[in-house]
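Inspection log for the structure reproduced underneath, given as structure tokens.
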Amino acid sequence: MPTLGLGVFLVFLVQEAPPPTPPAQTVSILLEARSSNLDLARVEVTASSEDGEQTIEPQRRDGIEVHFGLPTDRTWSVTCRGETFWCPSVHIAAGTGSNLSRRRLPVARRVRAWARLEVLRGELPKVVKLQGWELNPSATMPLELELEASVDNTNFVVELPDVPLDLRLAAPGFAPQYAWGLKPSSRPKTADGSRALGTWTLRPGSSLSGFVTDGVTGDPVAQAEIQLRLPPHHPGTPSQTARRMGRMAWKTQSNERGFFQIIGPPTGVYRLEVTPVDVGRLPRILPAIELAEQAETRLDTLEVRQAIPFRVLLEAPPGVTETSWQVRLSPVSADGHVTPKDAHGPGIEGYVRFRVAPGDYRLTVLSADLKLRAVSREITIQTDQTLSVQLDVLPVEGRVLLGETPLVAEVELNVDDGGSVKLESDAEGRFRGWTRRPKSGLAIQVKSIHPAFSRYLLRETFDIDDGVLRLDLELPDRRVTGTVHDEAGRPVRSARVTARPESSAEGVSSTTGVDGRFELVGLEDSSLVLRASARDIGDSERLRVEPWGDGVSPDILLVLRRGRILEGRVSTDLGEPLAAGRVQILTAGEHPKWVHDATNVSGQFEVHVPESATQAVIQVFSPRLNWSACLPLPPAGQPIEIRLPSAFGSSVRLQYDGKSVPFSQSILFNSDGGFFTLSQLLNFGDLRRVDGGYLASAIAPGAYATLTSPRWNVDLATLACARALPVEEWRQLTEGQELRFDLNR
């Protein structure tokens with residue numbers, strides 16, 4: 001067999017096939033001229049991939065319509081190029097598909113412009129950020145721009161589209177500045193052909209801005225008065241810097257675009273008031289606006305609403321038609337409002353007319369001398385309506401005696417839910433007038449000048465004879481005298497001293513004179529609990545005094561003690577501070593005391609509590625949550641931390657007809673030792689009137705029960721913390737649930 005002396009090697013070269021060409025999509029771009037005398041035929045359009053690796057020229061052009069074939073494997077940006085024209089970018093997403101419908105590309109003339117920059121305080125920024133929006137409501141795709149410019153000396157240069165623009169200039173540490181409807185080509189022309197945009201002045205600090213619009217049409221509301229105030233009910237919540245400045249309010253007006261801006265308020269929580277100049281629109285109030293340090297707080301739309309006509313027709317019983325009445329309407333919910341000139345009515349003949357915003361209100365009917373409050377109830381107004389109100393009043397006659405001596409005094413009668421009247425007794429101790437008809441209870445307060453004291457009485461039964469309510473008030477001529485001192489032994493003037501029988505909710509109070517002396521008159525022959533307090537000084541310990549017979553008791557000394565400072569912080573489970581919340585604390589034990597404060601922007605609060613207090617019922621009220629519990633108080637010098645859920649979606653519905661249970665004596669307890677009265681939820685929480693009663697929203701989940709007590713402000717903290725309430729059944733409220741209770745007896 002022949003052999004080969006040289007080996008032969010065969011090499012096969014395999015070349016990889018080229019990757020498949022991604023499918024192309026046909027994109028048509030229709031050019032739109034936004035500047036006058038613009039030759040769109042000269043506009044060059046190109047498409048670039050988002051990663052910058054590929055640029056594609058148009059496949060063909062039909063006048064002002066440009067056609068591209070763009071691969072679908074990446075995202076593309078189509079825009080114009082050159083120094084003459086300005087246009088935004090049209091983005092074509094990857095994988096969109098073929099044969100897209102026509103896209104529009106606005107084109108404007110490019111204008112070079114410059115502006116001078118100055119600052120009131122501090123150093124000039126090195127870079128500014130400019131944002132712009134085309135002022136063209138009819139445009140299907142309004143031009144928008146966002147660019148940065150370097151500041152050279154005091155000037156900066158930008159290139160803008162020659163269309164009417166709304167501009168926003170911002171720099172770190174300064175409040176933004178705005179210009180409205182500015183067209184670059186209308187500005188003065190300089191030697192190099194650029195346009196001068198004028199001088200822009202930057203001011204350091206925080207700012208608040210927004211647009212005021214009509215709540216129905218959406219149109220801008222011009223010349224509305226804007227006021228930013230320190231909130232009156234939350235002292236300490238806003239920055240203390242504002243108080244040191246002596247500045248209680250910042251004012252401005254909305255422009256023709258409805259825009260407003262307030263620059264310079266220190267960091268804090270404020271109340272915003274918007275008052276339109278048009279009387280047909282209602283003011284708008286935002287009770288808590290938080291401003292951050294060196295930041296802009298923006299309210300995109302602040303709607304003001306049209307007023308709703310509302311009328312009240314009074315129906316008086318026989319015998320009172322000659323009396324003149326005032327009708328008042330005051331908002332209960334935050335969205336309610338009554339125009340100032342319609343805040344009260346002229347009398348019972350005809351209608352009393354109001355213009356209001358939809359919401360919840362308290363309707364009050366007062367006598368002309370303002371002594372009798374004949375009607376006080378909550379109503380809901382949503383539409384144009386007329387409300388007929390029956391005045392259920394009757395004559396009242398009575399006499400006040402101190403022992404056997406007639407007493408000249410002011411007699412205040414508080415009837416059921418809100419009805420009250422103030423009458424005066426003459427030299428014979430007699431008083432007469434009109435009162436609302438009592439149904440379930442009557443609280444009476446007798447205020448005397450000589451001797452100076454105030455006596456509180458409760459009546460559950462009444463003597464109504466021939467349509468006249470008769471009250472004979474016989475007060476025992478028994479007295480307690482003494483002196484109030486501070487811890488240094490100095491007499492305290494204007495201290496309030498109270499005495500209450502342990503077995504009754506009735507009591508007597510008085511104030512000390514310049515020598516610290518007090519005298520309590522009209523006391524029952526029973527064991528008494530005395531206590532004194534003075535603003536900014538402190539409270540005394542509770543002193544028990546046993547019966548001593550007729551006449552005047554031995555002299556008593558009450559010493560006021562400052563107590564200790566309790567600091568705390570309220571935050572959510574997310575760690576966010578609860579700002580502008582109201583914290584109320586009722587200490588339990590021998591020295592019950594109500595104290596309260598508002599949380600600042602850091603959620604912190606500070607109160608004084610009795611030195612001996614070891615536990616207390618703590619309540620937290622805010623629009624988004626209402627919480628209460630009995631907690632142990634930390635030792636002196638240690639803060640208390642209250643951690644709450646971010647928000648509560650639970651609510652409690654309370655059936656209430658206003659005829660049986662006094663509103664202020666109805667209490668909602670929870671098994672954690674906390675409680676709310678309905679009055680507290682109405683004044684500080686989120687309680688609104690609904691059909692058949694009230695709805696309390698944003699209530700913390702837990703086990704709840706309702707009780708009625710005329711002594712809720714005296715010893716409920718001790719009972720609640722001891723879990724010694726006469727509750728037959730606790731009902732569980734879970735997140736997002738609505739719990740129902742019937743308060744009617």
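The chains in the structure tokens are called A, B, ... from first to last as shown; in each chain the residues are counted from 1, and the ligands are counted from 1 in the order shown.
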Within 12 Å of Arg203 in chain A using only C-alpha atoms, minus same-chain residues under 5 positions, as a count of residues only: 24
Separation of CA of Phe211 in chain A from CA of Leu302 in chain A, in Å and rounded to one decimal: 5.8 Å
Residue nearest Ala357 in chain A - candidates A:Val497, A:Leu329, A:Ile444, A:Ala307, atoms counted: only C-alpha atoms: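 Among A:Val497, A:Leu329, A:Ile444, A:Ala307, it is A:Ala307 that comes nearest to Ala357 in chain A.
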12 Å contact set for Arg490 in chain A, only C-alpha atoms, chain neighbours under 2 positions out, as a list in words: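 The filter keeps Thr483, Val484, His485, Asp486, Glu487, Ala488, Val492, Arg493, Val514, Asp515, Gly516, Arg517, Ile537, Leu557, Leu558, Val559 and Leu560 of chain A.
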Could you please take those selected residues and save N, CA, C and O atoms as a short mmCIF file (atom, residue, chain, number, x, y, z; two decimals), in the first residue's frame?
data_model
loop_
_atom_site.label_atom_id
_atom_site.label_comp_id
_atom_site.auth_asym_id
_atom_site.auth_seq_id
_atom_site.Cartn_x
_atom_site.Cartn_y
_atom_site.Cartn_z
N THR A 483 -56.72 79.98 103.86
CA THR A 483 -55.70 80.72 103.13
C THR A 483 -54.98 79.77 102.18
O THR A 483 -54.81 78.59 102.49
N VAL A 484 -54.56 80.30 101.04
CA VAL A 484 -53.77 79.54 100.07
C VAL A 484 -52.38 80.15 100.01
O VAL A 484 -52.23 81.36 99.80
N HIS A 485 -51.34 79.31 100.21
CA HIS A 485 -49.94 79.73 100.15
C HIS A 485 -49.23 78.95 99.05
O HIS A 485 -49.66 77.86 98.67
N ASP A 486 -48.10 79.51 98.60
CA ASP A 486 -47.22 78.73 97.74
C ASP A 486 -46.21 78.00 98.61
O ASP A 486 -46.25 78.08 99.84
N GLU A 487 -45.27 77.29 97.99
CA GLU A 487 -44.33 76.48 98.76
C GLU A 487 -43.37 77.32 99.59
O GLU A 487 -42.80 76.84 100.57
N ALA A 488 -43.23 78.62 99.24
CA ALA A 488 -42.37 79.51 100.02
C ALA A 488 -43.12 80.18 101.16
O ALA A 488 -42.54 80.99 101.89
N VAL A 492 -51.24 83.44 97.95
CA VAL A 492 -51.48 83.41 96.50
C VAL A 492 -52.83 84.05 96.21
O VAL A 492 -53.86 83.61 96.75
N ARG A 493 -52.84 85.08 95.39
CA ARG A 493 -54.08 85.73 95.02
C ARG A 493 -54.66 85.07 93.76
O ARG A 493 -53.94 84.46 92.97
N VAL A 514 -56.31 89.31 97.60
CA VAL A 514 -54.89 89.70 97.55
C VAL A 514 -54.11 89.12 98.71
O VAL A 514 -52.88 88.95 98.63
N ASP A 515 -54.80 88.82 99.82
CA ASP A 515 -54.12 88.24 100.98
C ASP A 515 -54.14 86.73 100.98
O ASP A 515 -53.74 86.09 101.95
N GLY A 516 -54.64 86.11 99.88
CA GLY A 516 -54.69 84.67 99.79
C GLY A 516 -55.84 84.04 100.53
O GLY A 516 -55.95 82.81 100.60
N ARG A 517 -56.75 84.86 101.09
CA ARG A 517 -57.87 84.33 101.86
C ARG A 517 -59.02 83.91 100.93
O ARG A 517 -59.23 84.48 99.86
N ILE A 537 -48.65 78.30 88.86
CA ILE A 537 -48.06 78.05 90.17
C ILE A 537 -48.16 76.58 90.52
O ILE A 537 -47.15 75.91 90.76
N LEU A 557 -55.50 75.80 105.81
CA LEU A 557 -54.37 76.22 104.99
C LEU A 557 -54.18 75.22 103.85
O LEU A 557 -54.03 74.02 104.09
N LEU A 558 -54.16 75.73 102.61
CA LEU A 558 -53.89 74.91 101.42
C LEU A 558 -52.60 75.40 100.79
O LEU A 558 -52.44 76.60 100.54
N VAL A 559 -51.66 74.50 100.51
CA VAL A 559 -50.35 74.85 99.96
C VAL A 559 -50.27 74.36 98.52
O VAL A 559 -50.48 73.17 98.24
N LEU A 560 -49.95 75.28 97.61
CA LEU A 560 -49.81 74.93 96.19
C LEU A 560 -48.42 74.39 95.91
O LEU A 560 -47.42 74.97 96.35
#
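Among the candidates A:Asp384, A:Asp472, A:Glu148, A:Glu502, the one nearest to Lys126 in chain A when counting only C-alpha atoms is A:Glu148.
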Counting only C-alpha atoms, the option among A:Arg731, A:Arg723, A:Arg81, A:Arg459 closest to Tyr704 in chain A: A:Arg731
Exercise: Gly736 in chain A partners within 10 Å, only C-alpha atoms, chain neighbours under 5 positions left out, as a list of chain:residue names: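 Those residues are A:Phe648, A:Gly649, A:Ser650, A:Ser651, A:Ala698, A:Ile699, A:Ala700, A:Pro701.
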Range 123-340 of chain A: residues DSSP assigns to alpha helix (DSSP H), reported as an NGL selection string: :A and (240-245)
Just write the chosen residues, N, CA, C and O atoms, as a PDB file, in the first residue's frame.
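After the write, out-v5.pdb holds the following:
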ATOM      1  N   GLN A 240     -41.013  78.326  67.330  1.00  0.00           N
ATOM      2  CA  GLN A 240     -40.901  79.409  68.303  1.00  0.00           C
ATOM      3  C   GLN A 240     -40.212  80.620  67.682  1.00  0.00           C
ATOM      4  O   GLN A 240     -40.332  81.737  68.188  1.00  0.00           O
ATOM      5  N   THR A 241     -39.482  80.393  66.576  1.00  0.00           N
ATOM      6  CA  THR A 241     -38.868  81.522  65.887  1.00  0.00           C
ATOM      7  C   THR A 241     -39.913  82.518  65.432  1.00  0.00           C
ATOM      8  O   THR A 241     -39.722  83.730  65.522  1.00  0.00           O
ATOM      9  N   ALA A 242     -41.058  82.017  64.953  1.00  0.00           N
ATOM     10  CA  ALA A 242     -42.118  82.915  64.500  1.00  0.00           C
ATOM     11  C   ALA A 242     -42.636  83.774  65.642  1.00  0.00           C
ATOM     12  O   ALA A 242     -42.922  84.962  65.475  1.00  0.00           O
ATOM     13  N   ARG A 243     -42.748  83.202  66.826  1.00  0.00           N
ATOM     14  CA  ARG A 243     -43.235  83.981  67.959  1.00  0.00           C
ATOM     15  C   ARG A 243     -42.204  85.013  68.390  1.00  0.00           C
ATOM     16  O   ARG A 243     -42.554  86.134  68.767  1.00  0.00           O
ATOM     17  N   ARG A 244     -40.938  84.641  68.371  1.00  0.00           N
ATOM     18  CA  ARG A 244     -39.905  85.610  68.728  1.00  0.00           C
ATOM     19  C   ARG A 244     -39.859  86.749  67.726  1.00  0.00           C
ATOM     20  O   ARG A 244     -39.542  87.894  68.076  1.00  0.00           O
ATOM     21  N   MET A 245     -40.178  86.446  66.462  1.00  0.00           N
ATOM     22  CA  MET A 245     -40.223  87.496  65.447  1.00  0.00           C
ATOM     23  C   MET A 245     -41.391  88.441  65.671  1.00  0.00           C
ATOM     24  O   MET A 245     -41.428  89.546  65.129  1.00  0.00           O
TER      25      MET A 245
END
Given only C-alpha atoms as the counted atoms, nearest of A:Arg624, A:Arg229, A:His91, A:Arg362 to Leu682 in chain A: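 For Leu682 in chain A, the nearest of the given residues is A:Arg362.
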d(CA of Gly429 in chain A, CA of Arg399 in chain A) in Å: 5.1 Å
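Residue nearest Val690 in chain A within the list A:Gln131, A:Ser553, A:Thr498, A:Gln655: A:Gln655 [criterion: smallest interatomic distance, only C-alpha atoms].
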Near range 526-533 of chain A, within 6 Å and counting only C-alpha atoms, which residues show up once chain neighbours fewer than 6 positions away are dropped, as a PDB file with all heavy atoms, in the first residue's frame?
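The result, written out as around.pdb:
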ATOM      1  N   ALA A 495     -56.250  82.445  93.338  1.00  0.00           N
ATOM      2  CA  ALA A 495     -56.255  80.983  93.268  1.00  0.00           C
ATOM      3  C   ALA A 495     -57.698  80.490  93.335  1.00  0.00           C
ATOM      4  O   ALA A 495     -58.535  81.051  94.043  1.00  0.00           O
ATOM      5  CB  ALA A 495     -55.443  80.393  94.405  1.00  0.00           C
ATOM      6  N   ARG A 496     -57.990  79.439  92.603  1.00  0.00           N
ATOM      7  CA  ARG A 496     -59.338  78.870  92.604  1.00  0.00           C
ATOM      8  C   ARG A 496     -59.410  77.749  93.642  1.00  0.00           C
ATOM      9  O   ARG A 496     -58.604  76.817  93.626  1.00  0.00           O
ATOM     10  CB  ARG A 496     -59.687  78.326  91.220  1.00  0.00           C
ATOM     11  CG  ARG A 496     -61.079  77.688  91.139  1.00  0.00           C
ATOM     12  CD  ARG A 496     -61.363  77.223  89.732  1.00  0.00           C
ATOM     13  NE  ARG A 496     -62.623  76.509  89.647  1.00  0.00           N
ATOM     14  CZ  ARG A 496     -63.811  77.083  89.512  1.00  0.00           C
ATOM     15  NH1 ARG A 496     -63.895  78.411  89.477  1.00  0.00           N
ATOM     16  NH2 ARG A 496     -64.910  76.373  89.424  1.00  0.00           N
ATOM     17  N   VAL A 497     -60.403  77.848  94.541  1.00  0.00           N
ATOM     18  CA  VAL A 497     -60.581  76.869  95.602  1.00  0.00           C
ATOM     19  C   VAL A 497     -61.940  76.213  95.416  1.00  0.00           C
ATOM     20  O   VAL A 497     -62.947  76.902  95.207  1.00  0.00           O
ATOM     21  CB  VAL A 497     -60.498  77.523  96.997  1.00  0.00           C
ATOM     22  CG1 VAL A 497     -60.587  76.459  98.091  1.00  0.00           C
ATOM     23  CG2 VAL A 497     -59.215  78.328  97.145  1.00  0.00           C
ATOM     24  N   THR A 498     -61.974  74.891  95.462  1.00  0.00           N
ATOM     25  CA  THR A 498     -63.225  74.154  95.289  1.00  0.00           C
ATOM     26  C   THR A 498     -63.432  73.219  96.468  1.00  0.00           C
ATOM     27  O   THR A 498     -62.478  72.719  97.073  1.00  0.00           O
ATOM     28  CB  THR A 498     -63.220  73.326  93.993  1.00  0.00           C
ATOM     29  OG1 THR A 498     -62.147  72.388  94.043  1.00  0.00           O
ATOM     30  CG2 THR A 498     -63.056  74.218  92.772  1.00  0.00           C
ATOM     31  N   ALA A 499     -64.710  73.013  96.793  1.00  0.00           N
ATOM     32  CA  ALA A 499     -65.109  72.049  97.823  1.00  0.00           C
ATOM     33  C   ALA A 499     -66.235  71.215  97.251  1.00  0.00           C
ATOM     34  O   ALA A 499     -67.205  71.756  96.708  1.00  0.00           O
ATOM     35  CB  ALA A 499     -65.552  72.759  99.093  1.00  0.00           C
ATOM     36  N   ARG A 500     -66.096  69.901  97.375  1.00  0.00           N
ATOM     37  CA  ARG A 500     -67.107  69.002  96.829  1.00  0.00           C
ATOM     38  C   ARG A 500     -67.401  67.890  97.819  1.00  0.00           C
ATOM     39  O   ARG A 500     -66.474  67.239  98.311  1.00  0.00           O
ATOM     40  CB  ARG A 500     -66.596  68.392  95.522  1.00  0.00           C
ATOM     41  CG  ARG A 500     -67.557  67.423  94.856  1.00  0.00           C
ATOM     42  CD  ARG A 500     -66.966  66.879  93.565  1.00  0.00           C
ATOM     43  NE  ARG A 500     -65.725  66.171  93.767  1.00  0.00           N
ATOM     44  CZ  ARG A 500     -65.645  64.888  94.140  1.00  0.00           C
ATOM     45  NH1 ARG A 500     -66.747  64.194  94.355  1.00  0.00           N
ATOM     46  NH2 ARG A 500     -64.477  64.318  94.293  1.00  0.00           N
ATOM     47  N   PRO A 501     -68.682  67.665  98.115  1.00  0.00           N
ATOM     48  CA  PRO A 501     -69.006  66.513  98.958  1.00  0.00           C
ATOM     49  C   PRO A 501     -68.580  65.222  98.265  1.00  0.00           C
ATOM     50  O   PRO A 501     -68.728  65.071  97.054  1.00  0.00           O
ATOM     51  CB  PRO A 501     -70.534  66.600  99.103  1.00  0.00           C
ATOM     52  CG  PRO A 501     -70.869  68.015  98.793  1.00  0.00           C
ATOM     53  CD  PRO A 501     -69.863  68.463  97.785  1.00  0.00           C
ATOM     54  N   ASP A 539     -50.894  73.134  92.133  1.00  0.00           N
ATOM     55  CA  ASP A 539     -52.106  72.641  92.768  1.00  0.00           C
ATOM     56  C   ASP A 539     -51.791  72.217  94.185  1.00  0.00           C
ATOM     57  O   ASP A 539     -50.662  71.853  94.523  1.00  0.00           O
ATOM     58  CB  ASP A 539     -52.666  71.446  91.988  1.00  0.00           C
ATOM     59  CG  ASP A 539     -52.946  71.793  90.543  1.00  0.00           C
ATOM     60  OD1 ASP A 539     -52.018  71.661  89.715  1.00  0.00           O
ATOM     61  OD2 ASP A 539     -54.072  72.179  90.249  1.00  0.00           O
ATOM     62  N   SER A 540     -52.840  72.239  95.006  1.00  0.00           N
ATOM     63  CA  SER A 540     -52.691  71.732  96.367  1.00  0.00           C
ATOM     64  C   SER A 540     -53.061  70.260  96.415  1.00  0.00           C
ATOM     65  O   SER A 540     -53.660  69.717  95.478  1.00  0.00           O
ATOM     66  CB  SER A 540     -53.589  72.525  97.322  1.00  0.00           C
ATOM     67  OG  SER A 540     -54.951  72.170  97.111  1.00  0.00           O
ATOM     68  N   ARG A 542     -55.365  67.203  97.873  1.00  0.00           N
ATOM     69  CA  ARG A 542     -56.778  67.120  98.253  1.00  0.00           C
ATOM     70  C   ARG A 542     -56.881  66.986  99.770  1.00  0.00           C
ATOM     71  O   ARG A 542     -56.256  66.119 100.374  1.00  0.00           O
ATOM     72  CB  ARG A 542     -57.447  65.950  97.565  1.00  0.00           C
ATOM     73  CG  ARG A 542     -57.400  66.024  96.055  1.00  0.00           C
ATOM     74  CD  ARG A 542     -57.924  64.757  95.414  1.00  0.00           C
ATOM     75  NE  ARG A 542     -59.358  64.632  95.528  1.00  0.00           N
ATOM     76  CZ  ARG A 542     -60.044  63.555  95.133  1.00  0.00           C
ATOM     77  NH1 ARG A 542     -59.401  62.520  94.611  1.00  0.00           N
ATOM     78  NH2 ARG A 542     -61.356  63.505  95.255  1.00  0.00           N
ATOM     79  N   LEU A 543     -57.679  67.874 100.371  1.00  0.00           N
ATOM     80  CA  LEU A 543     -57.822  67.898 101.819  1.00  0.00           C
ATOM     81  C   LEU A 543     -59.246  67.517 102.195  1.00  0.00           C
ATOM     82  O   LEU A 543     -60.204  68.139 101.731  1.00  0.00           O
ATOM     83  CB  LEU A 543     -57.488  69.287 102.372  1.00  0.00           C
ATOM     84  CG  LEU A 543     -57.647  69.461 103.884  1.00  0.00           C
ATOM     85  CD1 LEU A 543     -56.631  68.593 104.622  1.00  0.00           C
ATOM     86  CD2 LEU A 543     -57.487  70.934 104.265  1.00  0.00           C
ATOM     87  N   ARG A 544     -59.387  66.508 103.035  1.00  0.00           N
ATOM     88  CA  ARG A 544     -60.705  66.094 103.510  1.00  0.00           C
ATOM     89  C   ARG A 544     -61.049  66.850 104.787  1.00  0.00           C
ATOM     90  O   ARG A 544     -60.244  66.920 105.716  1.00  0.00           O
ATOM     91  CB  ARG A 544     -60.743  64.595 103.757  1.00  0.00           C
ATOM     92  CG  ARG A 544     -60.783  63.763 102.491  1.00  0.00           C
ATOM     93  CD  ARG A 544     -60.914  62.285 102.808  1.00  0.00           C
ATOM     94  NE  ARG A 544     -61.119  61.504 101.604  1.00  0.00           N
ATOM     95  CZ  ARG A 544     -60.138  61.081 100.808  1.00  0.00           C
ATOM     96  NH1 ARG A 544     -58.900  61.385 101.101  1.00  0.00           N
ATOM     97  NH2 ARG A 544     -60.395  60.376  99.727  1.00  0.00           N
ATOM     98  N   VAL A 545     -62.276  67.372 104.800  1.00  0.00           N
ATOM     99  CA  VAL A 545     -62.768  68.110 105.962  1.00  0.00           C
ATOM    100  C   VAL A 545     -64.035  67.432 106.444  1.00  0.00           C
ATOM    101  O   VAL A 545     -64.990  67.249 105.666  1.00  0.00           O
ATOM    102  CB  VAL A 545     -63.049  69.591 105.611  1.00  0.00           C
ATOM    103  CG1 VAL A 545     -63.614  70.320 106.819  1.00  0.00           C
ATOM    104  CG2 VAL A 545     -61.780  70.266 105.114  1.00  0.00           C
ATOM    105  N   GLU A 546     -64.058  67.044 107.721  1.00  0.00           N
ATOM    106  CA  GLU A 546     -65.214  66.368 108.285  1.00  0.00           C
ATOM    107  C   GLU A 546     -66.269  67.381 108.726  1.00  0.00           C
ATOM    108  O   GLU A 546     -65.970  68.563 108.907  1.00  0.00           O
ATOM    109  CB  GLU A 546     -64.780  65.499 109.473  1.00  0.00           C
ATOM    110  CG  GLU A 546     -63.793  64.407 109.115  1.00  0.00           C
ATOM    111  CD  GLU A 546     -64.334  63.471 108.050  1.00  0.00           C
ATOM    112  OE1 GLU A 546     -65.561  63.209 108.051  1.00  0.00           O
ATOM    113  OE2 GLU A 546     -63.544  62.994 107.201  1.00  0.00           O
ATOM    114  N   PRO A 547     -67.528  66.945 108.895  1.00  0.00           N
ATOM    115  CA  PRO A 547     -68.593  67.869 109.339  1.00  0.00           C
ATOM    116  C   PRO A 547     -68.230  68.526 110.671  1.00  0.00           C
ATOM    117  O   PRO A 547     -67.641  67.891 111.551  1.00  0.00           O
ATOM    118  CB  PRO A 547     -69.811  66.949 109.476  1.00  0.00           C
ATOM    119  CG  PRO A 547     -69.518  65.776 108.606  1.00  0.00           C
ATOM    120  CD  PRO A 547     -68.038  65.580 108.660  1.00  0.00           C
TER     121      PRO A 547
END
